[in-house]
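**Q** Handing over start-v6.cif, mmCIF, C-alpha atoms and all ligand atoms.
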```cif
data_upload
loop_
_atom_site.label_atom_id
_atom_site.label_comp_id
_atom_site.auth_asym_id
_atom_site.auth_seq_id
_atom_site.Cartn_x
_atom_site.Cartn_y
_atom_site.Cartn_z
CA MET A 1 108.02 73.13 100.60
CA ALA A 2 105.43 75.86 101.07
CA LYS A 3 102.85 76.40 98.35
CA HIS A 4 103.63 80.09 97.88
CA ARG A 5 106.91 81.98 98.11
CA ILE A 6 106.41 85.58 99.09
CA ALA A 7 108.99 88.33 99.18
CA TRP A 8 108.45 90.18 102.45
CA LEU A 9 109.45 93.84 102.09
CA PRO A 10 108.55 95.86 105.17
CA GLY A 11 110.57 98.91 104.07
CA ASP A 12 110.76 101.56 106.76
CA GLY A 13 108.73 103.84 109.00
CA VAL A 14 105.29 102.54 109.79
CA GLY A 15 105.61 100.01 106.97
CA VAL A 16 107.46 97.76 109.40
CA GLU A 17 104.59 97.96 111.89
CA THR A 18 101.71 97.44 109.49
CA MET A 19 103.56 94.47 107.98
CA GLU A 20 104.04 92.93 111.44
CA ALA A 21 100.31 93.37 111.99
CA THR A 22 99.47 91.81 108.64
CA ARG A 23 101.64 88.81 109.38
CA LEU A 24 99.52 88.09 112.46
CA VAL A 25 96.51 87.86 110.17
CA LEU A 26 98.22 85.71 107.53
CA ASP A 27 99.67 83.34 110.12
CA ALA A 28 96.27 82.90 111.75
CA LEU A 29 94.81 81.91 108.39
CA ASN A 30 97.13 78.94 107.95
CA PHE A 31 98.13 80.37 104.65
CA ASP A 32 100.72 77.96 103.24
CA ALA A 33 103.55 80.34 102.42
CA GLU A 34 107.21 80.95 102.96
CA TYR A 35 108.09 84.57 103.58
CA ILE A 36 111.51 85.74 102.50
CA HIS A 37 112.71 89.05 103.87
CA GLY A 38 114.11 91.59 101.40
CA ASP A 39 116.16 94.69 102.19
CA ILE A 40 114.53 97.83 100.85
CA GLY A 41 114.17 101.37 102.11
CA TRP A 42 115.75 104.55 103.34
CA GLU A 43 118.31 102.75 105.53
CA PHE A 44 119.85 101.18 102.41
CA TRP A 45 119.90 104.47 100.59
CA ILE A 46 121.90 106.03 103.42
CA LYS A 47 124.26 103.07 103.91
CA GLU A 48 124.62 101.77 100.36
CA GLY A 49 123.39 104.54 98.12
CA ASN A 50 120.65 102.25 96.83
CA ALA A 51 117.23 101.95 98.45
CA LEU A 52 116.49 98.87 96.34
CA PRO A 53 119.69 96.80 96.38
CA ASP A 54 120.37 94.32 93.57
CA ARG A 55 120.20 91.41 96.02
CA THR A 56 116.56 92.33 96.65
CA LEU A 57 115.79 92.38 92.94
CA ASP A 58 117.43 88.92 92.70
CA LEU A 59 115.29 87.69 95.57
CA LEU A 60 112.14 88.81 93.80
CA GLN A 61 113.03 86.56 90.87
CA LYS A 62 112.78 83.59 93.21
CA THR A 63 109.36 84.42 94.62
CA ASP A 64 105.76 84.39 93.35
CA CYS A 65 104.95 87.93 94.44
CA ALA A 66 105.80 90.49 97.11
CA LEU A 67 104.10 92.29 99.94
CA PHE A 68 105.59 95.70 100.56
CA GLY A 69 105.12 98.04 103.55
CA ALA A 70 106.20 101.61 102.94
CA ILE A 71 109.25 103.64 102.16
CA THR A 72 110.39 107.13 102.88
CA SER A 73 110.79 109.12 99.70
CA LYS A 74 112.42 112.55 99.46
CA PRO A 75 113.28 115.00 96.69
CA LYS A 76 116.65 114.56 95.03
CA ASP A 77 118.72 117.12 96.95
CA GLU A 78 117.35 116.28 100.39
CA ALA A 79 117.98 112.61 99.73
CA ALA A 80 121.56 113.22 98.61
CA ALA A 81 122.27 115.23 101.76
CA GLU A 82 121.39 112.25 103.98
CA LEU A 83 123.80 109.83 102.31
CA ASP A 84 126.64 108.38 104.35
CA PRO A 85 129.63 110.76 104.04
CA SER A 86 131.59 108.10 102.14
CA LEU A 87 128.90 108.12 99.44
CA GLN A 88 128.47 111.87 99.11
CA ASN A 89 129.34 113.73 95.91
CA LYS A 90 129.45 110.58 93.84
CA GLY A 91 126.50 111.57 91.74
CA LEU A 92 124.14 109.07 93.39
CA VAL A 93 120.53 109.96 92.70
CA TYR A 94 117.63 108.78 94.84
CA PHE A 95 114.81 107.08 92.98
CA SER A 96 111.71 105.94 94.78
CA PRO A 97 112.14 102.16 95.10
CA ILE A 98 108.46 101.46 94.60
CA VAL A 99 108.51 103.41 91.33
CA ARG A 100 111.64 101.45 90.34
CA LEU A 101 109.97 98.15 91.21
CA ARG A 102 106.99 99.05 89.08
CA GLN A 103 109.21 99.97 86.13
CA GLU A 104 111.89 97.29 86.35
CA LEU A 105 109.40 94.46 86.85
CA ASN A 106 106.96 95.99 84.36
CA LEU A 107 104.11 96.02 86.89
CA HIS A 108 101.98 97.93 84.43
CA THR A 109 98.66 97.87 86.26
CA ASN A 110 97.97 99.44 89.62
CA MET A 111 94.62 98.39 91.09
CA ARG A 112 93.34 100.52 93.93
CA PRO A 113 89.99 99.51 95.37
CA CYS A 114 88.25 102.09 97.58
CA LYS A 115 85.25 100.60 99.31
CA ALA A 116 83.20 102.19 102.08
CA TYR A 117 82.88 99.39 104.63
CA PRO A 118 79.63 99.77 106.57
CA GLY A 119 80.14 101.33 109.98
CA ASN A 120 83.39 103.09 109.20
CA PRO A 121 82.99 106.46 110.94
CA LEU A 122 85.30 107.96 108.32
CA ASN A 123 83.17 107.10 105.31
CA TYR A 124 82.35 110.21 103.37
CA LYS A 125 79.20 108.50 102.14
CA ASP A 126 78.15 104.92 102.72
CA ASP A 127 77.59 103.47 99.29
CA ILE A 128 80.96 104.12 97.70
CA ASP A 129 82.67 101.25 95.92
CA ILE A 130 85.22 102.54 93.44
CA ILE A 131 88.26 100.88 91.98
CA VAL A 132 90.95 102.94 90.30
CA PHE A 133 93.01 101.33 87.55
CA ARG A 134 96.16 103.38 87.34
CA GLU A 135 98.66 102.88 84.53
CA ASN A 136 101.83 102.25 86.47
CA THR A 137 104.93 102.68 84.31
CA GLU A 138 104.41 105.48 81.78
CA GLY A 139 103.24 109.07 81.59
CA MET A 140 104.47 111.86 83.82
CA TYR A 141 106.05 109.37 86.22
CA GLY A 142 107.94 107.54 83.49
CA GLY A 143 111.12 109.20 84.70
CA VAL A 144 112.23 110.92 81.48
CA GLU A 145 113.25 114.26 82.97
CA PHE A 146 115.97 116.86 82.51
CA HIS A 147 117.45 119.73 84.46
CA PRO A 148 119.33 121.40 82.99
CA ILE A 149 118.10 120.40 79.57
CA PRO A 150 120.83 118.96 77.34
CA LYS A 151 121.48 121.16 74.31
CA THR A 152 120.53 118.54 71.73
CA ILE A 153 117.18 118.01 73.36
CA PHE A 154 116.60 121.72 73.76
CA ASP A 155 117.39 122.36 70.11
CA ALA A 156 115.01 119.64 69.02
CA LEU A 157 112.28 121.06 71.24
CA CYS A 158 112.83 124.51 69.76
CA GLU A 159 111.43 123.23 66.49
CA HIS A 160 108.09 123.50 68.24
CA PRO A 161 106.60 127.02 67.91
CA LYS A 162 105.39 127.06 71.53
CA MET A 163 109.03 126.91 72.66
CA ASN A 164 109.42 130.58 71.73
CA LYS A 165 108.48 131.80 75.16
CA PHE A 166 111.01 129.50 76.88
CA GLN A 167 113.98 130.24 74.68
CA ARG A 168 115.04 133.36 76.53
CA ASN A 169 115.34 131.52 79.86
CA GLY A 170 118.53 129.60 79.04
CA LEU A 171 119.10 125.89 79.46
CA ASP A 172 120.12 126.04 83.11
CA ASN A 173 116.91 127.76 84.08
CA LEU A 174 114.61 125.20 82.55
CA ALA A 175 113.42 121.86 83.84
CA LEU A 176 111.66 119.31 81.68
CA SER A 177 109.50 116.39 82.77
CA THR A 178 107.92 114.47 79.94
CA ARG A 179 104.58 112.73 79.64
CA ILE A 180 105.22 109.85 77.29
CA MET A 181 102.34 107.46 76.75
CA SER A 182 102.07 104.53 74.39
CA ARG A 183 99.01 103.20 72.63
CA GLN A 184 99.89 99.79 74.09
CA GLY A 185 100.10 101.20 77.61
CA CYS A 186 96.74 102.95 77.29
CA ALA A 187 95.14 99.88 75.70
CA SER A 188 96.47 97.60 78.40
CA ILE A 189 95.21 99.61 81.37
CA VAL A 190 91.82 100.25 79.78
CA THR A 191 91.47 96.57 78.89
CA GLN A 192 92.23 95.56 82.48
CA ALA A 193 89.56 97.99 83.67
CA PHE A 194 86.94 96.61 81.28
CA GLU A 195 87.83 92.99 82.01
CA PHE A 196 87.42 93.70 85.71
CA ALA A 197 84.10 95.46 85.09
CA LYS A 198 82.88 92.50 83.08
CA GLN A 199 84.03 89.87 85.57
CA PHE A 200 82.52 91.63 88.58
CA LYS A 201 79.47 93.06 86.80
CA ARG A 202 80.36 96.67 87.51
CA ARG A 203 78.15 99.47 86.18
CA SER A 204 80.56 101.63 84.19
CA VAL A 205 84.16 102.40 83.34
CA THR A 206 85.18 106.07 83.54
CA VAL A 207 88.31 107.10 81.69
CA VAL A 208 89.83 110.26 83.15
CA ASP A 209 92.34 112.53 81.41
CA LYS A 210 92.47 116.06 80.01
CA PRO A 211 92.32 115.74 76.24
CA ASN A 212 91.07 119.29 75.74
CA VAL A 213 94.50 120.55 76.87
CA LEU A 214 96.82 117.55 76.71
CA ARG A 215 95.73 116.96 73.17
CA GLU A 216 98.24 114.36 72.17
CA THR A 217 98.70 112.19 75.27
CA GLY A 218 95.21 112.77 76.63
CA GLY A 219 93.82 112.34 73.13
CA LEU A 220 95.59 109.02 72.70
CA MET A 221 94.18 107.77 75.99
CA ILE A 222 90.60 108.71 75.16
CA ARG A 223 90.68 107.43 71.58
CA THR A 224 92.21 104.16 72.71
CA ALA A 225 89.62 103.83 75.47
CA ARG A 226 86.83 104.25 72.91
CA ASP A 227 88.31 101.54 70.70
CA ILE A 228 88.55 99.11 73.62
CA ALA A 229 85.11 100.01 74.98
CA ALA A 230 83.51 99.05 71.67
CA LYS A 231 84.33 95.40 72.48
CA TYR A 232 82.47 95.42 75.81
CA ASP A 233 78.91 95.90 77.04
CA THR A 234 79.91 98.03 80.02
CA PRO A 235 79.41 101.73 79.22
CA LEU A 236 82.43 104.03 78.94
CA TRP A 237 82.25 107.47 80.52
CA GLU A 238 84.84 110.10 79.61
CA THR A 239 85.73 112.88 82.02
CA ASN A 240 88.41 115.52 82.58
CA ILE A 241 90.63 115.18 85.63
CA ASP A 242 89.62 118.51 87.18
CA ALA A 243 85.90 117.94 86.82
CA GLN A 244 86.27 114.35 87.95
CA CYS A 245 87.81 115.49 91.25
CA MET A 246 84.81 117.74 91.82
CA TRP A 247 82.29 115.06 90.89
CA LEU A 248 83.95 112.52 93.12
CA VAL A 249 83.28 114.80 96.04
CA LYS A 250 79.80 115.68 94.81
CA ASN A 251 78.48 112.30 93.68
CA PRO A 252 80.99 109.60 94.64
CA SER A 253 78.44 106.80 94.42
CA ASP A 254 77.96 107.43 90.71
CA TYR A 255 81.43 106.07 89.94
CA ASP A 256 82.50 102.49 89.73
CA VAL A 257 85.61 101.54 87.75
CA ILE A 258 87.92 104.48 87.02
CA VAL A 259 90.89 104.27 84.68
CA ALA A 260 93.68 106.80 84.21
CA GLU A 261 97.33 107.23 83.33
CA ASN A 262 99.99 107.21 86.01
CA MET A 263 99.88 110.69 87.54
CA PHE A 264 96.15 111.25 87.27
CA GLY A 265 95.63 107.76 88.68
CA ASP A 266 97.92 108.63 91.57
CA ILE A 267 95.93 111.76 92.36
CA LEU A 268 92.52 110.16 91.90
CA SER A 269 93.39 107.19 94.06
CA ASP A 270 94.28 109.41 97.02
CA LEU A 271 91.04 111.31 96.57
CA CYS A 272 89.04 108.07 96.38
CA ALA A 273 90.88 106.70 99.41
CA GLN A 274 89.81 109.70 101.46
CA LEU A 275 86.18 109.10 100.53
CA VAL A 276 86.31 105.75 102.31
CA GLY A 277 88.37 106.57 105.37
CA GLY A 278 91.72 107.74 104.11
CA LEU A 279 95.03 106.07 103.54
CA GLY A 280 94.53 103.74 106.50
CA PHE A 281 92.09 101.80 104.32
CA ALA A 282 93.69 102.15 100.88
CA CYS A 283 95.24 99.00 99.48
CA ALA A 284 96.90 98.44 96.14
CA GLY A 285 98.19 95.80 93.79
CA ASN A 286 100.94 96.53 91.28
CA ILE A 287 100.32 93.82 88.74
CA GLY A 288 102.47 92.64 85.84
CA ASP A 289 102.13 89.68 83.52
CA ASN A 290 103.90 87.23 85.85
CA TYR A 291 104.66 89.09 89.04
CA ALA A 292 102.91 91.44 91.41
CA VAL A 293 103.75 93.65 94.37
CA PHE A 294 101.00 94.47 96.86
CA GLU A 295 101.25 97.51 99.10
CA PRO A 296 99.21 99.94 101.15
CA THR A 297 98.90 103.26 99.32
CA HIS A 298 100.14 105.18 102.35
CA GLY A 299 103.73 106.24 102.88
CA SER A 300 106.09 105.55 105.76
CA ALA A 301 104.65 108.34 107.96
CA PRO A 302 108.01 109.06 109.68
CA LYS A 303 106.35 111.08 112.44
CA TYR A 304 104.47 107.98 113.62
CA ALA A 305 107.31 105.51 113.13
CA GLY A 306 107.94 103.27 116.13
CA MET A 307 104.68 104.26 117.81
CA TYR A 308 102.50 101.35 116.60
CA LYS A 309 99.79 103.88 116.07
CA VAL A 310 98.74 103.68 112.44
CA ASN A 311 95.90 101.65 111.05
CA PRO A 312 97.11 98.36 109.55
CA ILE A 313 93.91 97.77 107.57
CA ALA A 314 95.40 99.13 104.32
CA THR A 315 98.20 96.57 104.50
CA VAL A 316 95.89 93.76 105.61
CA LEU A 317 93.63 94.50 102.64
CA SER A 318 96.69 94.55 100.38
CA ALA A 319 97.48 91.04 101.64
CA LYS A 320 93.89 90.13 100.84
CA MET A 321 94.44 91.34 97.26
CA MET A 322 97.63 89.28 97.15
CA LEU A 323 95.79 86.13 98.18
CA GLY A 324 93.20 86.76 95.50
CA TRP A 325 95.95 87.14 92.89
CA LEU A 326 97.53 83.90 94.08
CA GLY A 327 94.22 82.14 93.52
CA GLU A 328 93.46 81.78 97.24
CA THR A 329 90.07 83.42 96.79
CA GLU A 330 88.42 81.76 99.79
CA LYS A 331 91.12 82.96 102.18
CA ALA A 332 91.01 86.41 100.60
CA LYS A 333 87.30 86.54 101.27
CA VAL A 334 87.80 85.46 104.88
CA ILE A 335 90.24 88.34 105.44
CA GLU A 336 87.94 90.91 103.92
CA GLU A 337 84.95 89.68 105.93
CA ALA A 338 86.98 89.83 109.13
CA VAL A 339 88.09 93.39 108.37
CA ALA A 340 84.52 94.38 107.54
CA ALA A 341 83.27 92.80 110.79
CA VAL A 342 85.76 94.74 112.92
CA ILE A 343 84.92 97.98 111.15
CA ALA A 344 81.18 97.34 111.58
CA GLU A 345 81.47 96.67 115.30
CA ASP A 346 82.69 100.00 116.65
CA SER A 347 84.82 98.56 119.45
CA VAL A 348 88.36 98.60 118.06
CA ARG A 349 89.29 101.95 116.54
CA THR A 350 92.75 103.20 115.61
CA TYR A 351 93.61 106.89 116.03
CA ASP A 352 92.54 107.80 112.49
CA MET A 353 89.10 106.38 113.31
CA GLY A 354 88.91 108.41 116.49
CA GLY A 355 90.02 105.67 118.86
CA SER A 356 93.13 104.64 120.71
CA ALA A 357 93.68 101.05 119.56
CA LYS A 358 97.23 100.34 118.49
CA THR A 359 98.33 98.76 115.25
CA LEU A 360 98.66 95.24 116.67
CA GLU A 361 95.40 95.49 118.63
CA MET A 362 93.61 96.15 115.37
CA ALA A 363 95.38 93.16 113.82
CA ASN A 364 94.38 90.96 116.74
CA ALA A 365 90.77 92.12 116.47
CA ILE A 366 90.82 91.07 112.80
CA VAL A 367 92.40 87.74 113.71
CA ALA A 368 89.60 87.14 116.23
CA LYS A 369 87.05 87.49 113.43
CA LEU A 370 88.69 85.14 110.96
C1 LIG A 401 101.69 106.01 95.42
C2 LIG A 401 102.72 106.95 95.94
C3 LIG A 401 103.97 106.85 95.08
C4 LIG A 401 103.55 107.25 93.70
C5 LIG A 401 105.15 107.67 95.57
C6 LIG A 401 105.59 107.24 96.95
C7 LIG A 401 106.31 107.62 94.63
O1 LIG A 401 102.21 108.24 95.99
O2 LIG A 401 101.96 104.80 95.37
O3 LIG A 401 100.61 106.46 95.07
O4 LIG A 401 103.44 108.42 93.41
O5 LIG A 401 103.29 106.36 92.90
MG MG A 402 100.12 108.31 95.58
#
```
Could the structure of this file be written out as structure tokens, please?
**A**
Amino acid sequence: MAKHRIAWLPGDGVGVETMEATRLVLDALNFDAEYIHGDIGWEFWIKEGNALPDRTLDLLQKTDCALFGAITSKPKDEAAAELDPSLQNKGLVYFSPIVRLRQELNLHTNMRPCKAYPGNPLNYKDDIDIIVFRENTEGMYGGVEFHPIPKTIFDALCEHPKMNKFQRNGLDNLALSTRIMSRQGCASIVTQAFEFAKQFKRRSVTVVDKPNVLRETGGLMIRTARDIAAKYDTPLWETNIDAQCMWLVKNPSDYDVIVAENMFGDILSDLCAQLVGGLGFACAGNIGDNYAVFEPTHGSAPKYAGMYKVNPIATVLSAKMMLGWLGETEKAKVIEEAVAAVIAEDSVRTYDMGGSAKTLEMANAIVAKL
């Protein structure tokens, strides 16, 4: 029996290709694992009305963790229009399967390292090494939304004086997305950030929100961050999301560990990814108490699907994070060093890096460096 059982979830679009590439790397490492394929993605939405079938959720129960490729995600109405005719008009609603995985498995912590590997022609600056800790289950992406707004909820909201200006619109003309955050959720993500900073001797932890406007949710995040920070030696910096975006472009090397709620973390992690080469280099770990799903931050890039064109490094580095989480730190290090060596060398370059190497050529170049 293999030492590790890994759910293998390629998804669709270029996810399938970057996962194939990543498997070349894992297989070359003699990593003692059994990979169990799970159905997930757009195909299953169209055919079954569920992009994350129950059988896949069952499979996850029987594995240690999962590696996930990418999935096409579309707004509600567009998604419904693509359903198989037999499933149309049944009230099926598309939910992003990765968001569902995060919520149903309580993968509360999303770690997104953004490191400028020396020699990457796409580095915005060379000494960037940021990691974003994104709260992964609450906030604006928590999924508590309404359109139209049910009357009971509308009436309750109208007790708030600021609802005056919306009352004349009528229920059908209003949409409501909530930003619900818990003290526990804020404390957990901030604690993870500080623990990481302590373990890896990082310089600072920056908590990003907008408490001057989002007084209650943003306020809770900042106050909680201060309470947690008091227990650690690492300094806490507090910034607003808008200013933080500007400063990341101005002085990216000043930042180290960044922590934010779900939506701001989503936005910041794309910005940070672009500072170090873009989504082709951005890896992520969705971490819960006993389970984790690792994935490249990029989407399924439908326009490149089937072309074996995209850079697999984001998925390879996600596998590296997975190995670290599984306690295979030596093997994780070997992968990262091989990736860094290929980037440093300037001979194998995918299209995003200005070259013409294909997805599997990049994987093979990494394998050659292991
Ligand atoms: C990400 C993605 C997802 C998110 C989408 C695909 C739902 O942008 O992982 O950052 O917003 O979380
Ligand atoms: Mg995102």
**Q** Given only C-alpha atoms and all ligand atoms, how would the per-residue table for chain A near ligand LIG 401 (chain A) read, listing every residue at most 7 Å away with its closest atom pair and distance in Å to one decimal, sorted by chain and number, as JSON lines?
**A**
```
{"residue": "A:Ser73", "atom": "CA", "partner": "A:LIG401", "partner_atom": "C6", "distance": 6.2}
{"residue": "A:Ser96", "atom": "CA", "partner": "A:LIG401", "partner_atom": "C7", "distance": 5.7}
{"residue": "A:Ile98", "atom": "CA", "partner": "A:LIG401", "partner_atom": "C7", "distance": 6.5}
{"residue": "A:Val99", "atom": "CA", "partner": "A:LIG401", "partner_atom": "C7", "distance": 5.8}
{"residue": "A:Asp266", "atom": "CA", "partner": "A:LIG401", "partner_atom": "O3", "distance": 4.9}
{"residue": "A:Thr297", "atom": "CA", "partner": "A:LIG401", "partner_atom": "O2", "distance": 5.2}
{"residue": "A:Gly299", "atom": "CA", "partner": "A:LIG401", "partner_atom": "C6", "distance": 6.3}
```
**Q** In Å, how far is it from CA of Cys272 (chain A) to CA of Gly143 (chain A)?
**A**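 Atom-to-atom, CA of Cys272 (chain A) and CA of Gly143 (chain A) are spaced 25.0 Å apart.
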**Q** Pick out the residues no farther than 9 Å from ligand MG 402 (chain A), counting all atoms listed in the file, and list them as number ranges by chain.
**A** A: 263, 265-270, 297-299
**Q** May I have the residues within 7 Å of Leu176 (chain A) as a PyMOL selection string, using all atoms listed in the file and disregarding those fewer than 4 positions away in the same chain?
**A** chain A and resi 145-147+149
**Q** So that I can check the surroundings of Tyr141 (chain A), please list as a list of chain:residue names every protein, DNA and RNA residue that reaches within 10 Å of it, counting only C-alpha atoms and ignoring chain neighbours fewer than 6 positions away.
**A**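 The residues that qualify are A:Val99, A:Gln103, A:Glu135, A:Ser177, A:Thr178, A:Arg179, A:Ile180, A:Glu261, A:Asn262, A:Met263, A:Asp266.
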**Q** What's around Val367 (chain A) at 7 Å? Count all atoms listed in the file, leave out sequence neighbours fewer than 3 positions away in its own chain, and write the answer as a PyMOL selection string.
**A** chain A and resi 25+28+363-364+370
**Q** Those residues with C-alpha atoms, as a compact mmCIF listing (two decimals), in the coordinates of the input please?
**A**
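Result written to again18.txt:
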```
# COMPACT_ATOMS: atom_id res chain seq x y z
CA VAL A 25 96.51 87.86 110.17
CA ALA A 28 96.27 82.90 111.75
CA ALA A 363 95.38 93.16 113.82
CA ASN A 364 94.38 90.96 116.74
CA LEU A 370 88.69 85.14 110.96
```
